[in-house]
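The file final_13.txt contains compact mmCIF, C-alpha atoms (C1' of nucleotides):
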# COMPACT_ATOMS: atom_id res chain seq x y z
CA MET A 1 120.95 -119.54 60.43
CA SER A 2 123.73 -118.40 58.21
CA TRP A 3 125.87 -121.45 57.57
CA ARG A 4 127.11 -122.20 54.17
CA ILE A 5 125.23 -125.31 53.18
CA VAL A 6 127.53 -126.66 50.50
CA GLY A 7 131.23 -126.27 50.04
CA ALA A 8 131.56 -124.64 53.40
CA VAL A 9 134.98 -123.18 54.03
CA THR A 10 133.94 -121.44 57.22
CA ARG A 11 131.19 -122.09 59.66
CA TRP A 12 129.71 -118.62 59.34
CA GLU A 13 129.15 -116.23 56.50
CA PRO A 14 132.09 -113.86 56.58
CA ASN A 15 132.03 -110.14 57.43
CA ALA A 16 129.22 -110.21 59.96
CA ARG A 17 130.05 -106.66 61.01
CA GLY A 18 129.86 -105.33 57.49
CA ARG A 19 126.57 -107.11 56.87
CA LEU A 20 125.13 -105.54 60.00
CA GLU A 21 126.25 -102.07 58.92
CA GLN A 22 124.80 -102.58 55.48
CA ALA A 23 121.49 -103.91 56.80
CA ALA A 24 121.23 -101.08 59.30
CA LEU A 25 121.82 -98.33 56.76
CA GLU A 26 119.24 -99.85 54.46
CA LEU A 27 116.60 -100.30 57.16
CA PHE A 28 117.18 -96.86 58.67
CA GLY A 29 116.76 -95.39 55.22
CA GLU A 30 113.62 -97.40 54.51
CA HIS A 31 111.74 -97.10 57.78
CA GLY A 32 113.69 -94.67 59.92
CA TYR A 33 116.00 -95.20 62.87
CA GLU A 34 113.41 -95.48 65.62
CA GLN A 35 111.11 -97.76 63.66
CA THR A 36 113.94 -100.22 63.10
CA THR A 37 114.71 -102.62 65.94
CA VAL A 38 118.04 -104.25 66.52
CA ASP A 39 116.29 -107.54 65.89
CA ASP A 40 115.27 -106.31 62.45
CA ILE A 41 118.86 -105.42 61.60
CA ALA A 42 120.26 -108.68 62.91
CA ARG A 43 117.69 -110.75 61.05
CA ARG A 44 118.38 -109.01 57.76
CA ALA A 45 122.05 -109.74 58.29
CA GLY A 46 121.27 -113.37 59.10
CA LEU A 47 122.33 -112.98 62.72
CA THR A 48 120.79 -112.51 66.13
CA LYS A 49 120.33 -109.48 68.33
CA ARG A 50 122.94 -110.79 70.74
CA THR A 51 125.50 -110.94 67.99
CA PHE A 52 124.72 -107.39 66.94
CA PHE A 53 125.73 -106.21 70.40
CA ARG A 54 128.94 -108.19 70.18
CA HIS A 55 129.95 -106.07 67.20
CA PHE A 56 128.55 -102.70 68.28
CA ALA A 57 128.35 -101.22 71.74
CA ASP A 58 124.86 -99.91 71.06
CA LYS A 59 122.34 -99.42 68.30
CA ARG A 60 123.75 -96.05 67.21
CA GLU A 61 127.31 -97.23 66.82
CA VAL A 62 126.42 -99.25 63.75
CA LEU A 63 126.43 -95.96 61.82
CA PHE A 64 129.77 -94.76 63.16
CA GLY A 65 132.12 -97.58 62.36
CA GLY A 66 134.35 -95.23 60.39
CA ALA A 67 134.78 -92.72 63.18
CA ASP A 68 138.28 -93.83 64.10
CA GLU A 69 139.54 -93.60 60.55
CA PHE A 70 137.86 -90.20 60.28
CA LYS A 71 139.63 -88.99 63.38
CA GLN A 72 142.89 -90.34 62.07
CA LEU A 73 142.46 -88.35 58.87
CA PHE A 74 142.59 -85.17 60.92
CA VAL A 75 145.55 -86.23 63.01
CA ASP A 76 147.51 -87.43 60.00
CA GLY A 77 146.65 -84.28 58.10
CA LEU A 78 147.98 -82.15 60.90
CA THR A 79 151.08 -84.28 61.27
CA GLY A 80 151.67 -83.84 57.57
CA ALA A 81 151.56 -80.05 57.72
CA PRO A 82 154.94 -78.30 57.66
CA ALA A 83 156.35 -77.79 61.13
CA SER A 84 156.90 -74.16 60.26
CA ALA A 85 153.20 -73.50 59.65
CA ALA A 86 151.30 -71.41 62.15
CA PRO A 87 148.30 -73.18 63.73
CA LEU A 88 145.70 -71.73 61.40
CA GLU A 89 147.79 -72.55 58.36
CA ALA A 90 148.30 -76.08 59.60
CA ILE A 91 144.57 -76.40 60.13
CA ALA A 92 143.88 -75.24 56.60
CA VAL A 93 146.26 -77.87 55.27
CA THR A 94 144.64 -80.49 57.47
CA LEU A 95 141.13 -79.73 56.34
CA GLU A 96 142.20 -79.93 52.73
CA ALA A 97 143.63 -83.37 53.36
CA VAL A 98 140.45 -84.54 55.04
CA ALA A 99 138.35 -83.15 52.23
CA ASP A 100 140.37 -85.24 49.78
CA ALA A 101 139.19 -88.41 51.46
CA PHE A 102 135.58 -87.46 50.81
CA HIS A 103 136.09 -86.44 47.23
CA ASP A 104 134.28 -89.39 45.63
CA ARG A 105 131.86 -90.12 48.46
CA ARG A 106 129.40 -87.29 48.26
CA GLU A 107 126.39 -89.51 47.61
CA LEU A 108 127.25 -91.94 50.37
CA ALA A 109 127.77 -89.01 52.72
CA ARG A 110 124.39 -87.62 51.77
CA ARG A 111 122.55 -90.86 52.44
CA ARG A 112 124.21 -91.28 55.79
CA GLN A 113 123.69 -87.65 56.72
CA ARG A 114 120.01 -87.84 55.89
CA VAL A 115 119.58 -90.71 58.31
CA ILE A 116 121.49 -88.90 61.04
CA MET A 117 119.71 -85.58 60.57
CA ALA A 118 116.35 -87.34 60.91
CA ASN A 119 117.05 -88.48 64.44
CA ALA A 120 118.14 -86.64 67.57
CA GLU A 121 119.88 -89.62 69.14
CA LEU A 122 122.10 -90.00 66.11
CA GLN A 123 122.97 -86.32 66.06
CA GLU A 124 123.97 -86.68 69.68
CA ARG A 125 126.34 -89.47 68.81
CA GLU A 126 127.75 -87.50 65.91
CA LEU A 127 128.55 -84.61 68.22
CA VAL A 128 130.44 -87.01 70.48
CA LYS A 129 132.47 -88.30 67.56
CA LEU A 130 133.32 -84.77 66.47
CA ALA A 131 134.30 -83.90 70.03
CA GLY A 132 136.64 -86.87 69.88
CA VAL A 133 138.18 -85.49 66.72
CA ALA A 134 138.63 -82.11 68.39
CA ALA A 135 140.32 -83.72 71.38
CA ALA A 136 142.70 -85.64 69.13
CA LEU A 137 143.43 -82.51 67.13
CA ALA A 138 144.15 -80.57 70.31
CA ALA A 139 146.60 -83.25 71.41
CA ALA A 140 148.29 -83.15 68.01
CA LEU A 141 148.53 -79.37 68.19
CA ARG A 142 150.12 -79.53 71.61
CA GLU A 143 152.54 -81.99 70.06
CA ARG A 144 153.43 -79.23 67.60
CA GLY A 145 154.18 -76.91 70.46
CA VAL A 146 150.91 -75.01 70.63
CA ALA A 147 150.11 -74.13 74.22
CA GLU A 148 146.77 -74.37 75.99
CA PRO A 149 144.21 -72.96 75.78
CA ALA A 150 145.16 -72.11 72.19
CA ALA A 151 145.45 -75.77 71.20
CA SER A 152 141.96 -76.70 72.38
CA ILE A 153 140.36 -73.57 70.99
CA SER A 154 142.05 -74.08 67.64
CA ALA A 155 141.00 -77.70 67.50
CA GLU A 156 137.37 -76.93 68.27
CA THR A 157 137.39 -74.16 65.73
CA ALA A 158 138.88 -76.43 63.10
CA VAL A 159 136.14 -78.98 63.64
CA ALA A 160 133.49 -76.28 63.55
CA VAL A 161 134.84 -75.03 60.23
CA PHE A 162 134.91 -78.50 58.76
CA ARG A 163 131.44 -79.32 59.95
CA ASN A 164 130.05 -76.08 58.62
CA ALA A 165 131.50 -76.73 55.20
CA PHE A 166 130.57 -80.40 55.27
CA GLU A 167 126.94 -79.66 56.06
CA ARG A 168 126.72 -77.25 53.16
CA TRP A 169 128.48 -79.81 50.96
CA VAL A 170 125.92 -82.53 51.62
CA ALA A 171 123.02 -80.12 51.33
CA ALA A 172 121.52 -80.78 47.94
CA ALA A 173 121.36 -77.09 47.07
CA ASP A 174 125.07 -76.44 46.84
CA ARG A 175 127.00 -77.77 43.86
CA ARG A 176 130.39 -76.56 44.94
CA GLU A 177 133.05 -79.00 46.08
CA LEU A 178 134.20 -79.48 49.64
CA PRO A 179 137.60 -77.74 49.41
CA GLU A 180 135.97 -74.58 48.13
CA LEU A 181 133.38 -74.62 50.90
CA ILE A 182 136.08 -75.17 53.49
CA GLY A 183 137.96 -72.21 52.10
CA GLU A 184 134.85 -70.10 52.39
CA SER A 185 134.28 -71.14 56.00
CA LEU A 186 137.90 -70.47 56.86
CA ASP A 187 137.69 -67.03 55.31
CA ALA A 188 134.58 -66.32 57.34
CA LEU A 189 136.49 -67.28 60.47
CA ARG A 190 139.43 -65.07 59.54
CA GLY A 191 137.05 -62.21 58.81
CA VAL A 192 135.24 -62.48 62.10
CA THR A 193 138.31 -62.73 64.26
CA ALA A 194 139.94 -59.91 62.37
CA GLY A 195 137.16 -57.72 63.67
CA ARG A 196 135.54 -57.26 60.30
CA ARG A 197 131.86 -56.34 60.26
CA MET B 1 102.32 -91.47 98.78
CA SER B 2 103.04 -87.80 99.10
CA TRP B 3 99.82 -86.21 100.30
CA ARG B 4 99.81 -83.64 102.97
CA ILE B 5 98.14 -85.37 105.88
CA VAL B 6 97.01 -82.38 107.85
CA GLY B 7 96.09 -78.92 106.77
CA ALA B 8 96.28 -79.95 103.16
CA VAL B 9 96.08 -77.06 100.76
CA THR B 10 96.94 -79.18 97.77
CA ARG B 11 96.53 -82.82 97.01
CA TRP B 12 100.21 -83.36 96.26
CA GLU B 13 103.42 -82.14 97.73
CA PRO B 14 104.40 -79.16 95.63
CA ASN B 15 107.36 -78.87 93.28
CA ALA B 16 107.50 -82.46 92.13
CA ARG B 17 109.90 -81.49 89.37
CA GLY B 18 112.28 -79.79 91.74
CA ARG B 19 112.21 -82.72 94.11
CA LEU B 20 113.06 -85.07 91.27
CA GLU B 21 115.99 -82.88 90.21
CA GLN B 22 117.24 -82.70 93.77
CA ALA B 23 116.92 -86.46 94.33
CA ALA B 24 118.63 -87.21 91.04
CA LEU B 25 121.62 -84.97 91.69
CA GLU B 26 122.03 -86.51 95.14
CA LEU B 27 121.76 -90.11 93.96
CA PHE B 28 124.00 -89.55 90.94
CA GLY B 29 126.58 -88.06 93.26
CA GLU B 30 126.26 -90.88 95.78
CA HIS B 31 126.17 -93.94 93.55
CA GLY B 32 126.83 -92.71 90.03
CA TYR B 33 124.51 -92.12 87.11
CA GLU B 34 124.34 -95.67 85.78
CA GLN B 35 123.89 -97.27 89.17
CA THR B 36 120.88 -95.07 89.86
CA THR B 37 117.58 -96.21 88.34
CA VAL B 38 114.72 -93.90 87.53
CA ASP B 39 112.75 -95.82 90.11
CA ASP B 40 115.32 -94.89 92.73
CA ILE B 41 115.02 -91.22 91.88
CA ALA B 42 111.24 -91.26 91.85
CA ARG B 43 111.03 -93.09 95.16
CA ARG B 44 113.37 -90.67 96.88
CA ALA B 45 111.16 -87.86 95.60
CA GLY B 46 108.05 -89.66 96.85
CA LEU B 47 106.77 -90.27 93.32
CA THR B 48 106.63 -93.06 90.74
CA LYS B 49 108.68 -93.81 87.67
CA ARG B 50 105.74 -92.89 85.45
CA THR B 51 105.58 -89.45 87.00
CA PHE B 52 109.31 -88.93 86.48
CA PHE B 53 108.77 -89.35 82.76
CA ARG B 54 105.92 -86.88 82.84
CA HIS B 55 108.39 -84.23 83.98
CA PHE B 56 111.46 -85.26 82.00
CA ALA B 57 111.67 -86.69 78.51
CA ASP B 58 114.36 -89.13 79.59
CA LYS B 59 116.65 -89.97 82.48
CA ARG B 60 119.38 -87.54 81.38
CA GLU B 61 117.14 -84.53 81.10
CA VAL B 62 116.74 -84.32 84.86
CA LEU B 63 120.22 -82.75 84.95
CA PHE B 64 119.51 -80.23 82.20
CA GLY B 65 116.44 -78.42 83.40
CA GLY B 66 118.24 -75.09 83.23
CA ALA B 67 119.34 -75.48 79.63
CA ASP B 68 116.72 -73.12 78.24
CA GLU B 69 117.60 -70.36 80.65
CA PHE B 70 121.26 -70.97 79.88
CA LYS B 71 120.62 -70.59 76.18
CA GLN B 72 118.62 -67.46 76.81
CA LEU B 73 121.55 -65.95 78.69
CA PHE B 74 123.58 -66.10 75.51
CA VAL B 75 120.84 -64.73 73.30
CA ASP B 76 120.03 -61.90 75.71
CA GLY B 77 123.70 -61.14 76.12
CA LEU B 78 124.12 -60.80 72.40
CA THR B 79 120.98 -58.74 72.05
CA GLY B 80 122.33 -56.43 74.73
CA ALA B 81 125.60 -55.82 72.89
CA PRO B 82 125.85 -52.50 71.06
CA ALA B 83 124.62 -52.75 67.48
CA SER B 84 127.84 -51.12 66.36
CA ALA B 85 130.00 -53.90 67.79
CA ALA B 86 131.72 -56.24 65.38
CA PRO B 87 130.84 -59.91 65.85
CA LEU B 88 133.83 -60.80 67.96
CA GLU B 89 133.33 -57.78 70.19
CA ALA B 90 129.68 -58.65 70.59
CA ILE B 91 130.65 -62.18 71.51
CA ALA B 92 133.07 -60.92 74.13
CA VAL B 93 130.33 -58.82 75.65
CA THR B 94 127.96 -61.78 75.56
CA LEU B 95 130.33 -64.14 77.30
CA GLU B 96 130.93 -61.60 80.03
CA ALA B 97 127.20 -61.38 80.60
CA VAL B 98 126.86 -65.15 80.77
CA ALA B 99 129.78 -65.39 83.15
CA ASP B 100 128.01 -62.97 85.48
CA ALA B 101 125.17 -65.43 85.92
CA PHE B 102 127.59 -68.05 87.20
CA HIS B 103 129.44 -65.76 89.54
CA ASP B 104 128.12 -67.22 92.78
CA ARG B 105 127.49 -70.76 91.56
CA ARG B 106 130.95 -72.20 91.23
CA GLU B 107 130.41 -74.97 93.76
CA LEU B 108 127.08 -76.02 92.30
CA ALA B 109 128.63 -76.00 88.84
CA ARG B 110 131.44 -78.19 90.10
CA ARG B 111 129.16 -80.77 91.64
CA ARG B 112 127.06 -80.96 88.50
CA GLN B 113 130.08 -81.06 86.23
CA ARG B 114 131.62 -83.89 88.22
CA VAL B 115 128.52 -85.99 87.66
CA ILE B 116 128.45 -85.19 83.96
CA MET B 117 132.14 -85.81 83.40
CA ALA B 118 131.81 -89.24 85.00
CA ASN B 119 129.37 -90.49 82.38
CA ALA B 120 129.54 -90.58 78.61
CA GLU B 121 125.78 -90.41 78.10
CA LEU B 122 125.60 -87.20 80.06
CA GLN B 123 128.45 -85.64 78.13
CA GLU B 124 126.56 -86.51 74.99
CA ARG B 125 123.53 -84.65 76.21
CA GLU B 126 125.65 -81.70 77.26
CA LEU B 127 127.07 -81.46 73.75
CA VAL B 128 123.54 -81.36 72.38
CA LYS B 129 122.61 -78.54 74.72
CA LEU B 130 125.69 -76.57 73.73
CA ALA B 131 124.89 -77.15 70.07
CA GLY B 132 121.48 -75.68 70.79
CA VAL B 133 123.12 -72.63 72.28
CA ALA B 134 125.30 -72.29 69.22
CA ALA B 135 122.30 -72.52 66.93
CA ALA B 136 120.45 -69.84 68.89
CA LEU B 137 123.53 -67.65 68.87
CA ALA B 138 123.89 -68.06 65.13
CA ALA B 139 120.28 -67.01 64.64
CA ALA B 140 120.82 -63.98 66.85
CA LEU B 141 123.95 -63.06 64.91
CA ARG B 142 122.09 -63.27 61.62
CA GLU B 143 119.54 -60.98 63.24
CA ARG B 144 122.39 -58.52 63.75
CA GLY B 145 123.18 -58.68 60.07
CA VAL B 146 126.01 -61.19 60.12
CA ALA B 147 125.91 -63.31 57.00
CA GLU B 148 126.40 -67.07 56.73
CA PRO B 149 128.64 -68.87 57.11
CA ALA B 150 130.20 -66.26 59.38
CA ALA B 151 127.25 -66.33 61.77
CA SER B 152 127.41 -70.08 62.36
CA ILE B 153 131.18 -70.17 62.59
CA SER B 154 131.17 -67.28 65.06
CA ALA B 155 128.50 -68.90 67.16
CA GLU B 156 130.30 -72.22 67.35
CA THR B 157 133.51 -70.47 68.19
CA ALA B 158 131.84 -68.46 70.92
CA VAL B 159 130.50 -71.61 72.53
CA ALA B 160 133.89 -73.29 72.23
CA VAL B 161 135.53 -70.34 73.96
CA PHE B 162 132.98 -70.36 76.75
CA ARG B 163 133.22 -74.07 77.26
CA ASN B 164 136.97 -73.98 77.33
CA ALA B 165 136.97 -71.28 79.99
CA PHE B 166 134.16 -72.92 81.92
CA GLU B 167 135.93 -76.25 82.11
CA ARG B 168 139.03 -74.61 83.47
CA TRP B 169 136.87 -72.65 85.89
CA VAL B 170 135.29 -75.73 87.42
CA ALA B 171 138.59 -77.60 87.51
CA ALA B 172 139.71 -77.49 91.11
CA ALA B 173 143.22 -76.44 90.18
CA ASP B 174 142.44 -72.98 88.87
CA ARG B 175 141.52 -70.26 91.31
CA ARG B 176 140.91 -67.53 88.78
CA GLU B 177 137.41 -66.31 88.07
CA LEU B 178 135.38 -67.03 84.98
CA PRO B 179 135.65 -63.63 83.26
CA GLU B 180 139.41 -63.75 83.41
CA LEU B 181 139.49 -67.27 81.98
CA ILE B 182 137.12 -66.22 79.21
CA GLY B 183 139.41 -63.35 78.41
CA GLU B 184 142.32 -65.71 78.21
CA SER B 185 140.47 -68.08 75.89
CA LEU B 186 139.38 -65.20 73.69
CA ASP B 187 142.95 -63.95 73.49
CA ALA B 188 144.08 -67.40 72.49
CA LEU B 189 141.51 -67.40 69.71
CA ARG B 190 142.60 -63.97 68.52
CA GLY B 191 146.20 -65.07 68.61
CA VAL B 192 145.62 -68.19 66.59
CA THR B 193 143.52 -66.58 63.90
CA ALA B 194 145.96 -63.69 63.67
CA GLY B 195 148.49 -66.23 62.47
CA ARG B 196 150.61 -66.02 65.59
CA ARG B 197 152.80 -68.99 66.32
C1' DA C 1 75.87 -78.84 93.46
C1' DG C 2 77.81 -80.63 89.51
C1' DG C 3 80.95 -81.18 85.81
C1' DG C 4 85.59 -80.34 84.04
C1' DT C 5 90.71 -80.35 84.64
C1' DG C 6 95.20 -81.73 85.81
C1' DA C 7 98.47 -84.35 88.34
C1' DC C 8 99.37 -88.55 89.79
C1' DG C 9 99.39 -93.97 90.66
C1' DA C 10 98.80 -98.67 88.83
C1' DC C 11 99.51 -101.79 85.31
C1' DA C 12 100.93 -103.68 81.03
C1' DC C 13 104.07 -103.68 77.45
C1' DC C 14 108.01 -102.88 74.05
C1' DG C 15 112.74 -102.63 73.01
C1' DA C 16 117.69 -101.73 74.23
C1' DA C 17 121.31 -103.77 76.56
C1' DT C 18 123.83 -107.43 79.26
C1' DG C 19 125.11 -111.90 81.62
C1' DT C 20 125.51 -116.75 81.01
C1' DC C 21 125.75 -121.15 79.01
C1' DA C 22 125.68 -124.29 75.07
C1' DT C 23 127.25 -125.33 70.39
C1' DC C 24 130.44 -126.37 66.92
C1' DA C 25 133.75 -125.54 62.89
C1' DG C 26 138.46 -124.78 62.36
C1' DC C 27 142.91 -125.06 64.25
C1' DC C 28 146.96 -126.75 66.57
C1' DC C 29 149.49 -130.28 68.79
C1' DT C 30 150.88 -134.79 69.42
C1' DA D 1 144.09 -139.78 63.04
C1' DG D 2 142.56 -138.20 67.14
C1' DG D 3 141.85 -135.05 70.92
C1' DG D 4 141.64 -130.72 73.01
C1' DC D 5 141.42 -125.58 72.48
C1' DT D 6 139.47 -121.32 70.60
C1' DG D 7 136.39 -117.98 68.88
C1' DA D 8 132.19 -116.68 66.90
C1' DT D 9 127.59 -117.49 67.34
C1' DG D 10 122.76 -118.94 69.14
C1' DA D 11 119.53 -119.44 72.95
C1' DC D 12 117.67 -117.90 77.06
C1' DA D 13 116.83 -114.92 80.98
C1' DT D 14 116.94 -110.53 83.08
C1' DT D 15 117.23 -105.52 84.02
C1' DC D 16 115.93 -101.09 82.97
C1' DG D 17 114.51 -97.07 80.10
C1' DG D 18 110.55 -95.45 78.07
C1' DT D 19 105.39 -95.32 76.67
C1' DG D 20 100.30 -96.18 76.39
C1' DT D 21 96.18 -96.45 78.96
C1' DC D 22 93.00 -96.13 82.50
C1' DG D 23 91.38 -94.97 87.03
C1' DT D 24 91.46 -91.71 91.01
C1' DC D 25 90.70 -87.56 93.29
C1' DA D 26 91.50 -82.83 94.96
C1' DC D 27 90.82 -78.40 93.00
C1' DC D 28 88.33 -74.98 90.29
C1' DC D 29 84.76 -72.82 87.82
C1' DT D 30 80.16 -71.91 86.97
Step by step, read the file and then write its structure as structure tokens.
Amino acid sequence: MSWRIVGAVTRWEPNARGRLEQAALELFGEHGYEQTTVDDIARRAGLTKRTFFRHFADKREVLFGGADEFKQLFVDGLTGAPASAAPLEAIAVTLEAVADAFHDRRELARRRQRVIMANAELQERELVKLAGVAAALAAALRERGVAEPAASISAETAVAVFRNAFERWVAAADRRELPELIGESLDALRGVTAGRR
Amino acid sequence: MSWRIVGAVTRWEPNARGRLEQAALELFGEHGYEQTTVDDIARRAGLTKRTFFRHFADKREVLFGGADEFKQLFVDGLTGAPASAAPLEAIAVTLEAVADAFHDRRELARRRQRVIMANAELQERELVKLAGVAAALAAALRERGVAEPAASISAETAVAVFRNAFERWVAAADRRELPELIGESLDALRGVTAGRR
DNA sequence: AGGGTGACGACACCGAATGTCATCAGCCCT
DNA sequence: AGGGCTGATGACATTCGGTGTCGTCACCCT
């Protein structure tokens, strides 16, 4: 199927996983998630269905290959916050750091988000990934000495704030940048919990 | 299959949906979610696989039949809060109201939660249901005059607080009741956002 | 009495997901 | 140079979730 015919240095075309991700994003964008079969993706990548499932646990996972790095952004951001910072300050620092990583990827984020928002199964998976981020954040907060249930509540809130800002960031309407939107969401949180009407 | 032989008043045994839910919860508890096929569930309920899918959109949904009522508990609770209450106060009132509905269902909640916690697919679906609650809460908050993004952030936070308390409530270790745990989680939230270390 | 309705069974079918075995280029070891 | 090992892949078979379609039949309404 995908051998190099001449001057072969390897038996297979390299980066099978990346080709699958690329093919999947294209096909999902062209025909939608449900209308695309795993066979379609594998064929476009020059592979077979069986090989797809060797690289991804299921059809959805092909869109979430970066989830671990994403989670790590949060954990590293929190680790990088000054030990003296109170939880909410540390979270603010963390979210700024995460936002940095997205600075030049707004268009990519939009394409991916459009695919996800068009399908309930994919939104389900996204929620799981965000829950994983929250769990990792909670563990990192406990590491900083924050007790339960404050650590878990803070972590969930942090993710909620980020997601809220992120969704507005990828929405075509808003031209503001992610850090500003995060600041706005954080202010809204502070306002609400301060008892402001 | 399931006709009443004598004295039939209806062609079919009544409450097919309820029987399917009952059979599913039993089988999931006995052999696990993955080890139970839809055919197994349908047979125990005296029905066929095809009929199962007439009552539930997919295999997971059989465990989430009460999701709409659950969501409505939140919305009604918020609607019942005094119009003068600030968002966080209104949320506190709402969560108390929701907790009331679970007062005498701790054991049922535990059995169901054990099944869900044992399977990733089911946790995924639970996250979706909770996201639906958050969305409904956000809409209800906007109805009360809370602007975005405060409404969405508040709603997500409210759900996070409830979930945190609920999980501790169903954990065998804790003997305290749900309202107290909710209060504790709310206090943790207030503490964190007040900048307390 | 007759036609409509709604719930269900029977059957066929698609696609996601997994187990198993064969294949073969590159590598290491002698 | 030769032989065996390894790891990624293809090929094939199978299970199960999910759907489309049609037939059946008690119930209901007129």
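Closest approach to DT5 (chain C) among D:DA8, D:DC22, D:DA13, D:DC28 is made by D:DC28 (distances from only C-alpha atoms (C1' of nucleotides)).
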Of D:DG17, D:DC12, D:DT24, D:DC29, the one sitting nearest chain A when using only C-alpha atoms (C1' of nucleotides) is D:DC12
Ref. answer, residues at most 12 Å from (103.8, -101.4, 87.7) with all atoms listed in the file, as JSON, numbers by chain:
{"B": [39, 48, 49, 50], "C": [9, 10, 11, 12, 13]}
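Residues in contact with region 113-122 of chain A at 8 Å, where only C-alpha atoms (C1' of nucleotides) are counted and same-chain residues fewer than 2 positions away are skipped, are listed as A:Phe28, A:Gly29, A:Gly32, A:Tyr33, A:Glu34, A:Arg60, A:Ala109, A:Arg110, A:Arg111, A:Glu124, A:Arg125, A:Glu126, A:Val170.
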Produce a file of the selected residues containing C-alpha atoms, as an mmCIF file, keeping the file's coordinate frame.
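The result, written out as part_25.cif:
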data_model
loop_
_atom_site.group_PDB
_atom_site.id
_atom_site.type_symbol
_atom_site.label_atom_id
_atom_site.label_comp_id
_atom_site.auth_asym_id
_atom_site.auth_seq_id
_atom_site.Cartn_x
_atom_site.Cartn_y
_atom_site.Cartn_z
ATOM 1 C CA PHE A 28 117.180 -96.860 58.670
ATOM 2 C CA GLY A 29 116.760 -95.390 55.220
ATOM 3 C CA GLY A 32 113.690 -94.670 59.920
ATOM 4 C CA TYR A 33 116.000 -95.200 62.870
ATOM 5 C CA GLU A 34 113.410 -95.480 65.620
ATOM 6 C CA ARG A 60 123.750 -96.050 67.210
ATOM 7 C CA ALA A 109 127.770 -89.010 52.720
ATOM 8 C CA ARG A 110 124.390 -87.620 51.770
ATOM 9 C CA ARG A 111 122.550 -90.860 52.440
ATOM 10 C CA GLU A 124 123.970 -86.680 69.680
ATOM 11 C CA ARG A 125 126.340 -89.470 68.810
ATOM 12 C CA GLU A 126 127.750 -87.500 65.910
ATOM 13 C CA VAL A 170 125.920 -82.530 51.620
#
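All of the residues in chain A within 10 Å of chain D are A:Met1, A:Ser2, A:Arg11, A:Trp12, A:Ala16, A:Leu47, A:Thr48, A:Lys49, A:Arg50, A:Thr51, A:Arg54, where all atoms listed in the file were counted.
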Could you work out which residues of chain A fall inside 8 Å of chain B? Count only C-alpha atoms, and format the result as an MDAnalysis selection string.
chainID A and resid 86:89 124:125 127:128 146 149:150 152:154 156:157 160:161 164 184:185 188:197
Can you work out which residues from chain C touch chain A at a cut-off of 8 Å (counting all atoms listed in the file) and hand them back as an MDAnalysis selection string?
chainID C and resid 15:17 25:26
